[in-house]
$ cat final.cif   # mmCIF, C-alpha atoms and all ligand atoms
data_run
#
loop_
_atom_site.label_atom_id
_atom_site.label_comp_id
_atom_site.auth_asym_id
_atom_site.auth_seq_id
_atom_site.Cartn_x
_atom_site.Cartn_y
_atom_site.Cartn_z
CA MET X 9 112.98 46.12 55.57
CA ALA X 10 114.06 48.96 57.78
CA LYS X 11 114.44 49.35 61.53
CA ILE X 12 113.05 52.66 62.72
CA LEU X 13 114.06 53.99 66.14
CA LEU X 14 111.54 56.53 67.42
CA VAL X 15 112.47 58.57 70.50
CA LEU X 16 109.53 60.34 72.15
CA TYR X 17 108.84 62.01 75.46
CA PRO X 18 107.20 59.97 78.25
CA ASP X 19 103.41 59.83 78.64
CA SER X 20 101.74 62.14 81.16
CA VAL X 21 102.19 61.19 84.84
CA THR X 22 98.49 60.25 84.87
CA GLY X 23 98.97 58.03 81.81
CA TYR X 24 97.94 58.43 78.18
CA PRO X 25 94.94 60.81 78.16
CA PRO X 26 91.57 59.05 77.80
CA GLN X 27 89.98 62.32 76.62
CA TYR X 28 90.92 65.86 75.62
CA ALA X 29 89.91 69.40 76.55
CA ARG X 30 88.51 69.99 73.05
CA ASP X 31 86.89 67.77 70.46
CA SER X 32 88.81 68.96 67.42
CA ILE X 33 91.59 71.18 66.18
CA PRO X 34 91.21 73.80 63.44
CA VAL X 35 91.83 72.70 59.88
CA LEU X 36 94.37 74.96 58.16
CA ASP X 37 94.53 75.74 54.44
CA GLY X 38 98.31 76.02 54.30
CA TYR X 39 101.28 77.84 55.80
CA PRO X 40 101.63 81.64 55.71
CA ASP X 41 104.14 81.72 52.82
CA GLY X 42 102.06 79.39 50.66
CA GLN X 43 103.97 76.21 51.56
CA THR X 44 101.54 73.31 51.52
CA LEU X 45 100.72 71.32 54.63
CA PRO X 46 102.20 67.83 55.04
CA SER X 47 100.63 65.50 52.50
CA PRO X 48 101.04 61.82 53.38
CA SER X 49 98.84 59.37 51.48
CA ALA X 50 96.91 58.68 54.72
CA ILE X 51 97.16 59.10 58.48
CA ASP X 52 96.35 56.57 61.20
CA PHE X 53 95.74 59.03 64.02
CA THR X 54 93.09 61.47 65.14
CA PRO X 55 94.32 65.06 64.77
CA GLY X 56 94.21 66.58 68.25
CA ALA X 57 95.37 63.40 70.02
CA LEU X 58 98.63 63.25 71.98
CA LEU X 59 101.05 61.89 69.37
CA GLY X 60 104.45 63.03 70.64
CA SER X 61 104.58 60.74 73.69
CA VAL X 62 105.64 57.09 73.66
CA SER X 63 102.06 55.79 73.54
CA GLY X 64 101.17 58.23 70.75
CA GLU X 65 103.98 56.82 68.54
CA LEU X 66 103.42 59.72 66.09
CA GLY X 67 100.62 57.52 64.76
CA LEU X 68 103.20 55.52 62.79
CA ARG X 69 102.99 51.91 64.02
CA ARG X 70 100.25 50.56 61.79
CA PHE X 71 101.72 52.14 58.65
CA LEU X 72 105.28 50.93 59.34
CA GLU X 73 104.40 47.40 60.46
CA ALA X 74 101.99 46.88 57.56
CA ALA X 75 104.95 47.53 55.25
CA GLY X 76 107.07 44.99 57.18
CA HIS X 77 109.31 47.47 58.97
CA GLU X 78 110.39 47.21 62.60
CA LEU X 79 109.44 50.10 64.91
CA VAL X 80 111.17 50.59 68.25
CA VAL X 81 109.74 53.37 70.44
CA THR X 82 111.50 54.59 73.55
CA SER X 83 111.92 57.61 75.80
CA ASP X 84 115.10 56.16 77.32
CA LYS X 85 117.64 58.21 75.40
CA ASP X 86 120.57 59.26 77.58
CA GLY X 87 123.69 57.42 78.64
CA PRO X 88 125.53 54.41 77.24
CA ASN X 89 123.04 51.91 78.69
CA SER X 90 119.97 53.66 77.29
CA VAL X 91 117.59 51.83 74.97
CA PHE X 92 118.40 54.48 72.37
CA GLU X 93 122.13 53.80 72.40
CA ARG X 94 121.57 50.04 72.37
CA GLU X 95 119.09 50.05 69.49
CA LEU X 96 120.95 52.70 67.48
CA VAL X 97 123.62 50.18 66.51
CA SER X 98 121.20 48.40 64.15
CA ALA X 99 118.84 51.26 63.24
CA ASP X 100 118.32 52.47 59.66
CA ILE X 101 116.25 55.52 60.60
CA VAL X 102 116.13 57.63 63.76
CA ILE X 103 113.19 59.92 64.49
CA SER X 104 113.44 62.37 67.38
CA GLN X 105 111.68 65.50 68.56
CA PRO X 106 113.64 68.56 69.75
CA PHE X 107 111.52 68.61 72.93
CA TRP X 108 113.07 65.32 74.08
CA PRO X 109 116.12 65.20 71.85
CA ALA X 110 118.00 61.99 71.13
CA TYR X 111 121.40 63.65 70.83
CA LEU X 112 123.02 62.19 67.72
CA THR X 113 126.59 63.08 68.55
CA ALA X 114 129.57 62.22 66.34
CA GLU X 115 130.39 59.35 68.72
CA ARG X 116 126.91 57.89 68.47
CA ILE X 117 126.82 58.31 64.69
CA ALA X 118 130.12 56.42 64.47
CA LYS X 119 128.40 53.51 66.28
CA ALA X 120 125.45 53.42 63.86
CA PRO X 121 126.75 51.93 60.60
CA LYS X 122 123.29 51.36 59.11
CA LEU X 123 121.90 54.81 59.88
CA LYS X 124 120.86 56.59 56.69
CA LEU X 125 118.08 58.97 57.73
CA ALA X 126 117.57 61.21 60.79
CA ILE X 127 114.15 62.83 60.95
CA THR X 128 113.45 65.72 63.29
CA ALA X 129 109.74 65.55 64.09
CA GLY X 130 109.40 69.30 64.35
CA ILE X 131 111.96 72.00 63.56
CA GLY X 132 115.58 72.44 64.64
CA SER X 133 118.13 69.70 63.95
CA ASP X 134 120.97 70.93 66.15
CA HIS X 135 120.63 67.79 68.29
CA VAL X 136 122.23 66.02 65.33
CA ASP X 137 125.95 66.60 64.74
CA LEU X 138 125.52 67.89 61.22
CA ASP X 139 129.23 67.62 60.39
CA ALA X 140 129.17 63.94 61.33
CA ALA X 141 125.95 63.44 59.36
CA ILE X 142 127.61 65.05 56.35
CA SER X 143 130.70 62.87 56.56
CA HIS X 144 128.67 59.66 57.09
CA GLY X 145 126.24 60.37 54.24
CA ILE X 146 123.23 60.57 56.57
CA THR X 147 120.25 62.54 55.32
CA VAL X 148 118.84 64.93 57.97
CA VAL X 149 115.35 66.32 57.50
CA GLU X 150 112.79 68.25 59.52
CA GLU X 151 109.18 69.37 59.01
CA THR X 152 109.73 72.98 58.11
CA TYR X 153 106.86 75.25 59.21
CA SER X 154 105.06 72.47 61.11
CA ASN X 155 105.30 74.33 64.45
CA SER X 156 106.60 77.77 63.49
CA ILE X 157 103.36 79.55 64.35
CA SER X 158 103.00 77.49 67.52
CA VAL X 159 106.37 78.82 68.67
CA ALA X 160 105.61 82.39 67.58
CA GLU X 161 102.44 82.37 69.71
CA HIS X 162 104.40 81.09 72.71
CA ALA X 163 107.06 83.78 72.27
CA VAL X 164 104.47 86.57 72.11
CA MET X 165 102.78 85.11 75.20
CA GLN X 166 106.07 85.09 77.10
CA VAL X 167 106.98 88.64 76.04
CA LEU X 168 103.66 89.84 77.47
CA ALA X 169 103.95 87.62 80.55
CA LEU X 170 107.37 89.08 81.43
CA VAL X 171 106.66 92.73 80.69
CA ARG X 172 103.30 92.68 82.51
CA ASN X 173 104.61 90.51 85.38
CA TYR X 174 101.84 87.98 84.79
CA LEU X 175 103.21 84.86 86.49
CA PRO X 176 104.03 86.43 89.90
CA SER X 177 100.62 88.16 89.89
CA HIS X 178 98.92 84.84 89.22
CA GLU X 179 100.87 83.25 92.06
CA TRP X 180 99.46 85.84 94.49
CA VAL X 181 95.86 84.86 93.74
CA VAL X 182 96.61 81.13 93.80
CA ASN X 183 98.12 81.64 97.24
CA GLY X 184 95.08 83.52 98.56
CA GLY X 185 96.50 87.03 98.25
CA TRP X 186 95.36 90.30 96.70
CA ASN X 187 98.80 91.91 96.58
CA ILE X 188 98.40 94.67 94.05
CA SER X 189 101.58 96.58 94.90
CA ASP X 190 103.63 93.41 94.88
CA SER X 191 102.16 92.53 91.49
CA VAL X 192 102.49 95.90 89.78
CA GLU X 193 105.85 97.05 91.08
CA ARG X 194 107.42 95.20 88.13
CA ALA X 195 104.53 95.57 85.62
CA TYR X 196 104.72 97.70 82.44
CA ASP X 197 102.81 98.13 79.21
CA LEU X 198 104.40 96.72 76.08
CA GLU X 199 102.98 99.63 74.09
CA GLY X 200 105.68 102.02 72.95
CA MET X 201 108.57 99.68 73.77
CA ASN X 202 111.27 98.74 71.27
CA VAL X 203 111.10 95.03 70.54
CA GLY X 204 113.58 93.13 68.40
CA VAL X 205 113.99 89.64 67.01
CA ILE X 206 117.27 87.85 66.44
CA ALA X 207 116.57 86.19 63.06
CA ALA X 208 113.51 86.87 60.97
CA GLY X 209 112.92 83.45 59.46
CA ARG X 210 109.55 81.71 59.61
CA ILE X 211 109.18 82.10 63.38
CA GLY X 212 110.84 85.50 63.71
CA ARG X 213 108.62 86.99 60.99
CA ALA X 214 105.51 85.51 62.58
CA VAL X 215 106.50 87.09 65.91
CA LEU X 216 107.01 90.48 64.26
CA ARG X 217 103.62 90.24 62.54
CA ARG X 218 101.88 89.32 65.78
CA LEU X 219 103.56 92.08 67.76
CA ALA X 220 102.93 94.87 65.24
CA PRO X 221 99.33 95.54 66.46
CA PHE X 222 100.66 96.23 69.97
CA ASP X 223 102.00 99.60 68.76
CA VAL X 224 105.60 98.74 69.54
CA ARG X 225 108.69 99.78 67.57
CA LEU X 226 109.97 96.69 65.81
CA HIS X 227 113.60 95.79 65.08
CA TYR X 228 115.29 92.74 63.57
CA THR X 229 118.61 91.33 62.50
CA ASP X 230 119.11 88.40 60.14
CA LYS X 231 121.78 87.09 57.81
CA ASN X 232 119.29 87.72 55.03
CA ARG X 233 117.59 91.08 54.96
CA LEU X 234 113.81 91.04 54.43
CA SER X 235 112.22 92.74 51.43
CA PRO X 236 111.67 96.50 51.59
CA GLU X 237 107.92 95.77 51.30
CA ILE X 238 107.84 93.74 54.54
CA GLU X 239 110.11 96.24 56.30
CA ARG X 240 107.74 99.04 55.31
CA GLU X 241 104.54 97.12 56.10
CA LEU X 242 105.65 96.27 59.65
CA GLY X 243 107.74 99.40 60.23
CA LEU X 244 110.89 97.38 60.85
CA THR X 245 114.32 98.74 61.68
CA PHE X 246 117.04 96.45 60.32
CA HIS X 247 120.28 95.97 62.29
CA PRO X 248 123.39 94.44 60.73
CA ASP X 249 124.08 92.35 63.83
CA ALA X 250 122.83 91.39 67.28
CA ALA X 251 125.21 93.86 68.97
CA SER X 252 123.52 96.77 67.24
CA LEU X 253 120.00 95.45 67.84
CA VAL X 254 120.29 94.75 71.56
CA ARG X 255 121.45 98.30 72.31
CA ALA X 256 118.30 99.69 70.69
CA VAL X 257 115.57 97.56 72.24
CA ASP X 258 113.78 96.83 75.52
CA VAL X 259 112.75 93.28 74.61
CA VAL X 260 114.61 90.67 72.54
CA SER X 261 113.04 87.50 71.19
CA ILE X 262 115.53 84.95 69.82
CA HIS X 263 114.62 82.94 66.71
CA ALA X 264 117.90 81.87 65.11
CA PRO X 265 119.02 78.25 64.76
CA LEU X 266 121.82 77.03 67.03
CA HIS X 267 124.97 76.66 64.97
CA PRO X 268 128.56 77.83 65.31
CA GLU X 269 127.65 81.46 64.53
CA THR X 270 125.01 81.70 67.25
CA TYR X 271 126.51 79.53 70.02
CA HIS X 272 126.73 81.66 73.22
CA LEU X 273 125.90 84.82 71.29
CA PHE X 274 124.22 86.20 74.44
CA ASN X 275 127.25 86.22 76.75
CA ASP X 276 128.20 88.64 79.55
CA ALA X 277 129.60 91.19 77.09
CA LEU X 278 126.51 91.34 74.86
CA ILE X 279 124.07 91.34 77.78
CA SER X 280 125.97 94.15 79.52
CA SER X 281 125.57 96.30 76.39
CA MET X 282 121.75 96.07 76.67
CA LYS X 283 119.62 98.69 78.44
CA ARG X 284 119.31 97.92 82.16
CA GLY X 285 116.02 96.11 82.72
CA SER X 286 115.82 94.48 79.28
CA TYR X 287 113.86 91.29 78.74
CA ILE X 288 114.96 88.23 76.75
CA VAL X 289 112.63 85.55 75.44
CA ASN X 290 114.37 82.55 73.93
CA THR X 291 112.29 79.88 72.23
CA ALA X 292 115.10 79.07 69.76
CA ARG X 293 117.85 77.09 71.52
CA ALA X 294 119.26 77.45 75.04
CA GLU X 295 122.88 77.51 74.01
CA ILE X 296 122.45 80.68 71.97
CA THR X 297 122.73 82.17 75.46
CA ASP X 298 125.41 81.54 78.08
CA ARG X 299 123.49 79.84 80.90
CA ASP X 300 125.35 81.43 83.80
CA ALA X 301 125.55 84.88 82.18
CA ILE X 302 121.73 84.88 82.11
CA VAL X 303 121.56 84.00 85.80
CA ARG X 304 124.11 86.71 86.68
CA ALA X 305 122.22 89.35 84.68
CA LEU X 306 118.89 88.52 86.36
CA GLU X 307 120.47 88.60 89.81
CA SER X 308 122.15 91.97 89.15
CA GLY X 309 119.04 93.53 87.59
CA GLN X 310 120.73 94.01 84.19
CA LEU X 311 117.92 91.80 82.84
CA ALA X 312 114.38 92.37 84.17
CA GLY X 313 113.21 88.97 82.97
CA TYR X 314 114.07 85.88 80.96
CA ALA X 315 111.59 83.41 79.52
CA GLY X 316 111.57 80.70 76.93
CA ASP X 317 111.15 76.97 76.63
CA VAL X 318 114.56 75.74 75.52
CA TRP X 319 117.18 74.30 77.86
CA TYR X 320 120.46 72.42 77.66
CA PRO X 321 120.56 69.57 78.13
CA GLN X 322 116.97 68.41 77.81
CA PRO X 323 115.60 67.34 80.16
CA PRO X 324 117.60 69.65 82.45
CA ALA X 325 118.85 68.49 85.85
CA ALA X 326 116.60 69.10 88.87
CA ASP X 327 119.06 71.74 90.07
CA HIS X 328 119.43 73.57 86.73
CA PRO X 329 119.74 77.24 87.77
CA TRP X 330 117.13 78.40 85.26
CA ARG X 331 114.43 76.62 87.25
CA THR X 332 114.90 78.97 90.20
CA MET X 333 116.65 82.11 88.89
CA PRO X 334 114.76 85.35 89.65
CA HIS X 335 112.17 86.76 87.26
CA ASN X 336 112.09 83.75 84.96
CA GLY X 337 109.05 82.66 82.99
CA MET X 338 110.48 79.37 81.76
CA THR X 339 108.37 76.45 80.58
CA PRO X 340 109.51 72.99 79.52
CA HIS X 341 110.20 72.72 75.78
CA VAL X 342 106.54 72.76 74.80
CA SER X 343 105.94 75.67 72.45
CA GLY X 344 106.27 73.59 69.29
CA SER X 345 104.46 70.55 70.64
CA THR X 346 100.89 71.69 71.07
CA LEU X 347 98.33 69.09 70.02
CA SER X 348 97.79 71.24 66.90
CA ALA X 349 101.51 71.13 66.02
CA GLN X 350 101.81 67.41 66.75
CA ALA X 351 99.17 66.61 64.14
CA ARG X 352 101.20 68.51 61.52
CA TYR X 353 104.61 67.11 62.33
CA ALA X 354 103.28 63.57 62.71
CA ALA X 355 101.77 63.88 59.22
CA GLY X 356 105.03 65.40 57.96
CA THR X 357 107.03 62.50 59.40
CA ARG X 358 104.80 60.04 57.61
CA GLU X 359 105.11 61.99 54.35
CA ILE X 360 108.92 61.85 54.64
CA LEU X 361 108.89 58.11 55.38
CA GLU X 362 106.55 57.40 52.46
CA ASP X 363 108.87 59.31 50.11
CA TRP X 364 111.99 57.64 51.53
CA PHE X 365 110.64 54.11 51.17
CA ALA X 366 109.32 54.82 47.66
CA ASP X 367 112.69 56.33 46.66
CA ARG X 368 111.05 59.64 45.86
CA PRO X 369 112.86 62.90 46.63
CA ILE X 370 111.96 64.45 49.98
CA ARG X 371 110.63 68.00 49.69
CA GLU X 372 113.46 70.48 49.29
CA GLU X 373 112.11 72.62 52.15
CA TYR X 374 112.43 69.69 54.58
CA LEU X 375 116.13 69.07 53.85
CA ILE X 376 118.89 70.00 56.30
CA VAL X 377 121.65 67.62 55.14
CA ASN X 378 121.49 65.57 51.96
CA GLY X 379 124.06 64.05 49.64
CA GLY X 380 126.95 64.84 51.99
CA GLN X 381 126.26 68.56 52.33
CA LEU X 382 123.91 71.12 53.85
CA ALA X 383 120.82 71.28 51.64
CA GLY X 384 117.43 73.00 51.43
CA VAL X 385 116.57 74.93 54.59
CA GLY X 386 119.79 73.61 56.13
CA ALA X 387 121.89 75.39 53.52
CA ALA X 388 119.97 78.62 54.11
CA SER X 389 119.97 78.62 57.92
CA TYR X 390 122.90 76.57 59.25
CA THR X 391 126.69 76.59 58.95
CA ALA X 392 128.76 73.43 59.15
CA GLY X 393 132.15 73.09 60.82
CA GLY X 394 133.60 75.40 63.42
CA GLU X 395 134.49 74.75 67.00
CA SER X 396 130.99 74.46 68.36
CA SER X 397 129.53 71.40 66.82
CA PRO X 398 125.76 70.99 66.83
CA GLY X 399 124.63 67.66 68.18
CA SER X 400 127.10 67.91 70.98
CA GLY X 401 125.19 70.82 72.43
CA GLY X 402 127.35 73.38 70.68
CA LYS X 403 130.42 72.16 72.55
N1 LIG T 501 110.86 76.01 70.89
C1 LIG T 501 110.43 75.22 69.92
O1 LIG T 501 109.57 74.37 70.13
C2 LIG T 501 110.96 75.40 68.54
C3 LIG T 501 110.21 74.91 67.46
C4 LIG T 501 110.65 75.16 66.18
C5 LIG T 501 111.86 75.80 65.97
N2 LIG T 501 112.59 76.23 67.03
C6 LIG T 501 113.89 76.91 66.82
O2 LIG T 501 113.68 78.10 66.07
C7 LIG T 501 114.66 78.15 65.05
C8 LIG T 501 114.14 78.99 63.90
O3 LIG T 501 113.04 78.33 63.27
P1 LIG T 501 112.42 78.89 61.92
O4 LIG T 501 111.33 77.97 61.53
O5 LIG T 501 112.13 80.33 62.04
O6 LIG T 501 113.67 78.68 60.96
P2 LIG T 501 113.99 79.41 59.58
O7 LIG T 501 115.00 78.55 58.89
O8 LIG T 501 112.74 79.79 58.87
O9 LIG T 501 114.67 80.79 60.02
C9 LIG T 501 115.94 80.86 60.57
C10 LIG T 501 116.47 82.26 60.30
O10 LIG T 501 117.67 82.42 61.04
C11 LIG T 501 118.54 83.21 60.25
N3 LIG T 501 119.89 83.06 60.79
C12 LIG T 501 120.66 81.96 60.80
N4 LIG T 501 121.85 82.23 61.37
C13 LIG T 501 121.81 83.53 61.74
C14 LIG T 501 122.75 84.38 62.37
N5 LIG T 501 123.96 83.95 62.72
N6 LIG T 501 122.38 85.66 62.60
C15 LIG T 501 121.16 86.14 62.21
N7 LIG T 501 120.24 85.34 61.59
C16 LIG T 501 120.56 84.06 61.37
C17 LIG T 501 118.34 82.67 58.86
O11 LIG T 501 118.79 83.58 57.87
C18 LIG T 501 116.82 82.50 58.83
O12 LIG T 501 116.16 83.66 58.38
C19 LIG T 501 114.93 76.68 64.71
O13 LIG T 501 116.21 76.50 64.13
C20 LIG T 501 114.84 76.02 66.04
O14 LIG T 501 116.09 75.99 66.69
C21 LIG T 501 112.16 76.06 68.31
#
$ encode --input "final.cif" --output "C-alpha cells"
Amino acid sequence: MAKILLVLYPDSVTGYPPQYARDSIPVLDGYPDGQTLPSPSAIDFTPGALLGSVSGELGLRRFLEAAGHELVVTSDKDGPNSVFERELVSADIVISQPFWPAYLTAERIAKAPKLKLAITAGIGSDHVDLDAAISHGITVVEETYSNSISVAEHAVMQVLALVRNYLPSHEWVVNGGWNISDSVERAYDLEGMNVGVIAAGRIGRAVLRRLAPFDVRLHYTDKNRLSPEIERELGLTFHPDAASLVRAVDVVSIHAPLHPETYHLFNDALISSMKRGSYIVNTARAEITDRDAIVRALESGQLAGYAGDVWYPQPPAADHPWRTMPHNGMTPHVSGSTLSAQARYAAGTREILEDWFADRPIREEYLIVNGGQLAGVGAASYTAGGESSPGSGGK
C-alpha cells in the first residue's frame, strides 16, 4: 500500500465554503485540440466545489483509503521542520499544485528514497527538479490542458486591465471618487496595438485566438513554428526569438515553461530593447523575468504596466517588491485554479492514480519525466540540465 503526500493551499480565511456563488459549472465536451477530458472510473466530489484547499483534498480521500492507501494532506510545505519535509521521507507519491508548490529540490528528492511518482495537479512541473527526478527514476506527470484555457482567459483579462487602466479606475470609485482624468491619463484602447506571445503552446495559442477579435496585430515566437494555416487564420507574425518579438510589440504575454532556456529571459537588456511604455503579462512562471529588472523598468517608465499571477517563491514574502511596484496588476497564483479548473485537474489526478495503481501506462500527454528521461509533453516543452535547475527556482 502506498503513502500519498498531498500538498494543498490553506482553506479560505473564513473556512471551507458552505455554499458557492453558482450552482454548477459548465460541462465541456473536450479540449480544443481534441484531447479528451480526464477520465477516471469515478469521482467522489461535486464539480464546482473548492477542491484545491486542504479540506477539499482534491476529492481523493475516499478513493485512496478504500484501496488501503495512506493519505497525508498538508499546506505546511516550507522549511526543514515542515510537515511536507517530515512526511516526504516515507512517501511513495507526492501531489502538489503549482499555486502552492511543494518545491521538490534535489536535496529533498535525495531524502525521499521511496518516492516514485510526483503529480502536478495542474500544469507546470518546474517546482520539481527534473534532473534529480530523472536520475532517481521518479516519474513526473501533470494534467496537460486541465487549466490552459483558464490561464488564457486570465491573461487576456490582465492585458485589457493594464492597457485600459482598469484597476486604478476601480479604486477611485471604491474610494468615493469620480476622478476621470486620473483614471484616463494612462488608459488606451487595445485595438490596433501589436501584441505578442512568448510561446504558442496550448495557452499561448488560446491567448492568440481570444485576442484576434480585438483587431490587434498578433505576433509570436516559439521553438516550434505553428502551421501556415494557423498563422494565416490568425494573421500571425512569427519571430525567431524573444529579442525580435519584443522590439515589434506593445504588449507581451508570456506562456513558455520555466526551464534553463527561459530563466531570466526578461532581464534589463531585453526589457530596455522594448518600446517605451510596453506592457508585460506573465502567467507562465515568475523567474522567466528578472524580479528587480521588472521593478526598475516600471519605476523608470520603460514598462507602462506588469501583471500576472506567478511569483517566486510562492507564497511570496510580505515585502516582495511586486506587491507594491507601480502600475502592477498582480494577483496571487489563481488563474489556473478556478473552480472549473479544479474539477478537471482533480479528475485528472484521480485518473493518473488509478492508472498507476493498476500498472497501466499513464497517458503520454501527461508525462514530463518517465523512465529516466524527459517524456511526452516534457520532452516537447522542457530541457534538462544547464545551470538553472528547475525545482530550485531556476537557481
Ligand atoms: N498561471 C497558471 O496558473 C498556469 C497554469 C498552467 C500553466 N502555466 C504555465 O504555462 C506554461 C505553458 O503551458 P502550456 O499548457 O501552454 O504548455 P505547452 O507545453 O502546451 O506549451 C509550451 C510551449 O512553450 C514552447 N517553448 C518551450 N521553451 C521555449 C523557448 N525557450 N522559447 C520559445 N518557446 C518555448 C514549447 O515549444 C511549447 O509550444 C506551463 O509550463 C506553466 O509554467 C501557468
$ residues_around --input "final.cif" --residues "segment 33-36 of chain X" --least-positions-apart "4" --cutoff "7 Å" --atoms "only C-alpha atoms" --output "number ranges by chain"
X: 55-56, 348
$ closest_residue --input "final.cif" --among "X:Arg210, X:Arg217, X:His135, X:Arg331" --to "ligand LIG 501 (chain T)" --atoms "all atoms listed in the file"
X:Arg210
$ axis_aligned_box --input "final.cif" --around "ligand LIG 501 (chain T)" --padding-each-side "3 Å" --output "JSON"
{"center_x": 116.8, "center_y": 80.3, "center_z": 64.4, "size_x": 20.4, "size_y": 17.8, "size_z": 19.0}
$ atom_distance --input "final.cif" --atom1 "atom CA of Pro323 of chain X" --atom2 "atom CA of Trp108 of chain X"
6.9 Å
$ residues_around --input "final.cif" --residues "Phe53 of chain X" --least-positions-apart "4" --cutoff "10 Å" --atoms "only C-alpha atoms" --output "list in words"
Ala57, Leu58, Leu59, Gly64, Glu65, Leu66, Gly67, Leu68, Arg70, Ala351, Ala354 and Ala355 of chain X
$ atom_distance --input "final.cif" --atom1 "atom CA of Gly316 of chain X" --atom2 "atom CA of Gln166 of chain X"
7.0 Å
$ atom_distance --input "final.cif" --atom1 "atom CA of Phe246 of chain X" --atom2 "atom CA of Ala387 of chain X"
22.7 Å
$ closest_residue --input "final.cif" --among "X:His247, X:Arg255, X:His77, X:Arg225" --to "ligand LIG 501 (chain T)" --atoms "all atoms listed in the file"
X:His247
$ residues_around --input "final.cif" --residues "Glu73 of chain X" --least-positions-apart "5" --cutoff "12 Å" --atoms "only C-alpha atoms" --output "PyMOL selection string"
chain X and resi 9-12+67-68+78-80
$ residues_around --input "final.cif" --residues "Ser345 of chain X" --least-positions-apart "2" --cutoff "10 Å" --atoms "only C-alpha atoms" --output "PyMOL selection string"
chain X and resi 58-60+105-107+129-130+154-155+158-159+341-343+347-353
$ closest_residue --input "final.cif" --among "X:Pro48, X:Gly76, X:Gly23, X:Gly204" --to "Gly243 of chain X" --atoms "all atoms listed in the file"
X:Gly204
$ closest_residue --input "final.cif" --among "X:Ala312, X:Leu112, X:Ala214, X:Ala208" --to "Leu234 of chain X" --atoms "only C-alpha atoms"
X:Ala208
$ residues_around --input "final.cif" --residues "segment 114-118 of chain X" --least-positions-apart "6" --cutoff "9 Å" --atoms "all atoms listed in the file" --output "PyMOL selection string"
chain X and resi 93+96-97+136-141+144+399-400
$ closest_residue --input "final.cif" --among "X:Ser61, X:Ile146, X:Arg172, X:Thr332" --to "Val21 of chain X" --atoms "all atoms listed in the file"
X:Ser61
$ closest_residue --input "final.cif" --among "X:Gly209, X:Pro369, X:Pro25, X:Gly384" --to "ligand LIG 501 (chain T)" --atoms "all atoms listed in the file"
X:Gly209
$ residues_near_point --input "final.cif" --point "(112.1, 62.5, 57.7)" --cutoff "6 Å" --atoms "all atoms listed in the file" --output "PDB file with C-alpha atoms, in the coordinates of the input"
ATOM      1  CA  ILE X 127     114.150  62.830  60.950  1.00  0.00           C
ATOM      2  CA  VAL X 149     115.350  66.320  57.500  1.00  0.00           C
ATOM      3  CA  THR X 357     107.030  62.500  59.400  1.00  0.00           C
ATOM      4  CA  ILE X 360     108.920  61.850  54.640  1.00  0.00           C
ATOM      5  CA  LEU X 361     108.890  58.110  55.380  1.00  0.00           C
TER       6      LEU X 361
END
$ decode --input "final.cif" --residues "segment 18-22 of chain X" --atoms "all heavy atoms" --output "mmCIF file, in the first residue's frame"
data_model
loop_
_atom_site.group_PDB
_atom_site.id
_atom_site.type_symbol
_atom_site.label_atom_id
_atom_site.label_comp_id
_atom_site.auth_asym_id
_atom_site.auth_seq_id
_atom_site.Cartn_x
_atom_site.Cartn_y
_atom_site.Cartn_z
ATOM 1 N N PRO X 18 -3.995 26.547 1.841
ATOM 2 C CA PRO X 18 -4.892 26.584 3.002
ATOM 3 C C PRO X 18 -6.329 26.911 2.594
ATOM 4 O O PRO X 18 -6.569 27.502 1.535
ATOM 5 C CB PRO X 18 -4.318 27.717 3.869
ATOM 6 C CG PRO X 18 -2.923 27.943 3.373
ATOM 7 C CD PRO X 18 -2.921 27.570 1.929
ATOM 8 N N ASP X 19 -7.280 26.546 3.461
ATOM 9 C CA ASP X 19 -8.679 26.947 3.253
ATOM 10 C C ASP X 19 -8.799 28.469 3.314
ATOM 11 O O ASP X 19 -7.892 29.163 3.783
ATOM 12 C CB ASP X 19 -9.564 26.346 4.352
ATOM 13 C CG ASP X 19 -9.730 24.836 4.178
ATOM 14 O OD1 ASP X 19 -9.408 24.308 3.095
ATOM 15 O OD2 ASP X 19 -10.189 24.199 5.152
ATOM 16 N N SER X 20 -9.962 28.973 2.894
ATOM 17 C CA SER X 20 -10.213 30.417 2.950
ATOM 18 C C SER X 20 -10.144 30.895 4.410
ATOM 19 O O SER X 20 -10.380 30.105 5.339
ATOM 20 C CB SER X 20 -11.620 30.715 2.417
ATOM 21 O OG SER X 20 -11.810 30.085 1.169
ATOM 22 N N VAL X 21 -9.866 32.192 4.602
ATOM 23 C CA VAL X 21 -9.768 32.696 5.986
ATOM 24 C C VAL X 21 -11.092 32.525 6.728
ATOM 25 O O VAL X 21 -11.122 32.411 7.955
ATOM 26 C CB VAL X 21 -9.316 34.178 6.050
ATOM 27 C CG1 VAL X 21 -7.857 34.322 5.709
ATOM 28 C CG2 VAL X 21 -10.151 35.071 5.156
ATOM 29 N N THR X 22 -12.195 32.471 5.983
ATOM 30 C CA THR X 22 -13.500 32.275 6.632
ATOM 31 C C THR X 22 -13.854 30.787 6.742
ATOM 32 O O THR X 22 -14.966 30.432 7.108
ATOM 33 C CB THR X 22 -14.597 32.989 5.816
ATOM 34 O OG1 THR X 22 -14.435 32.640 4.437
ATOM 35 C CG2 THR X 22 -14.496 34.496 5.960
#
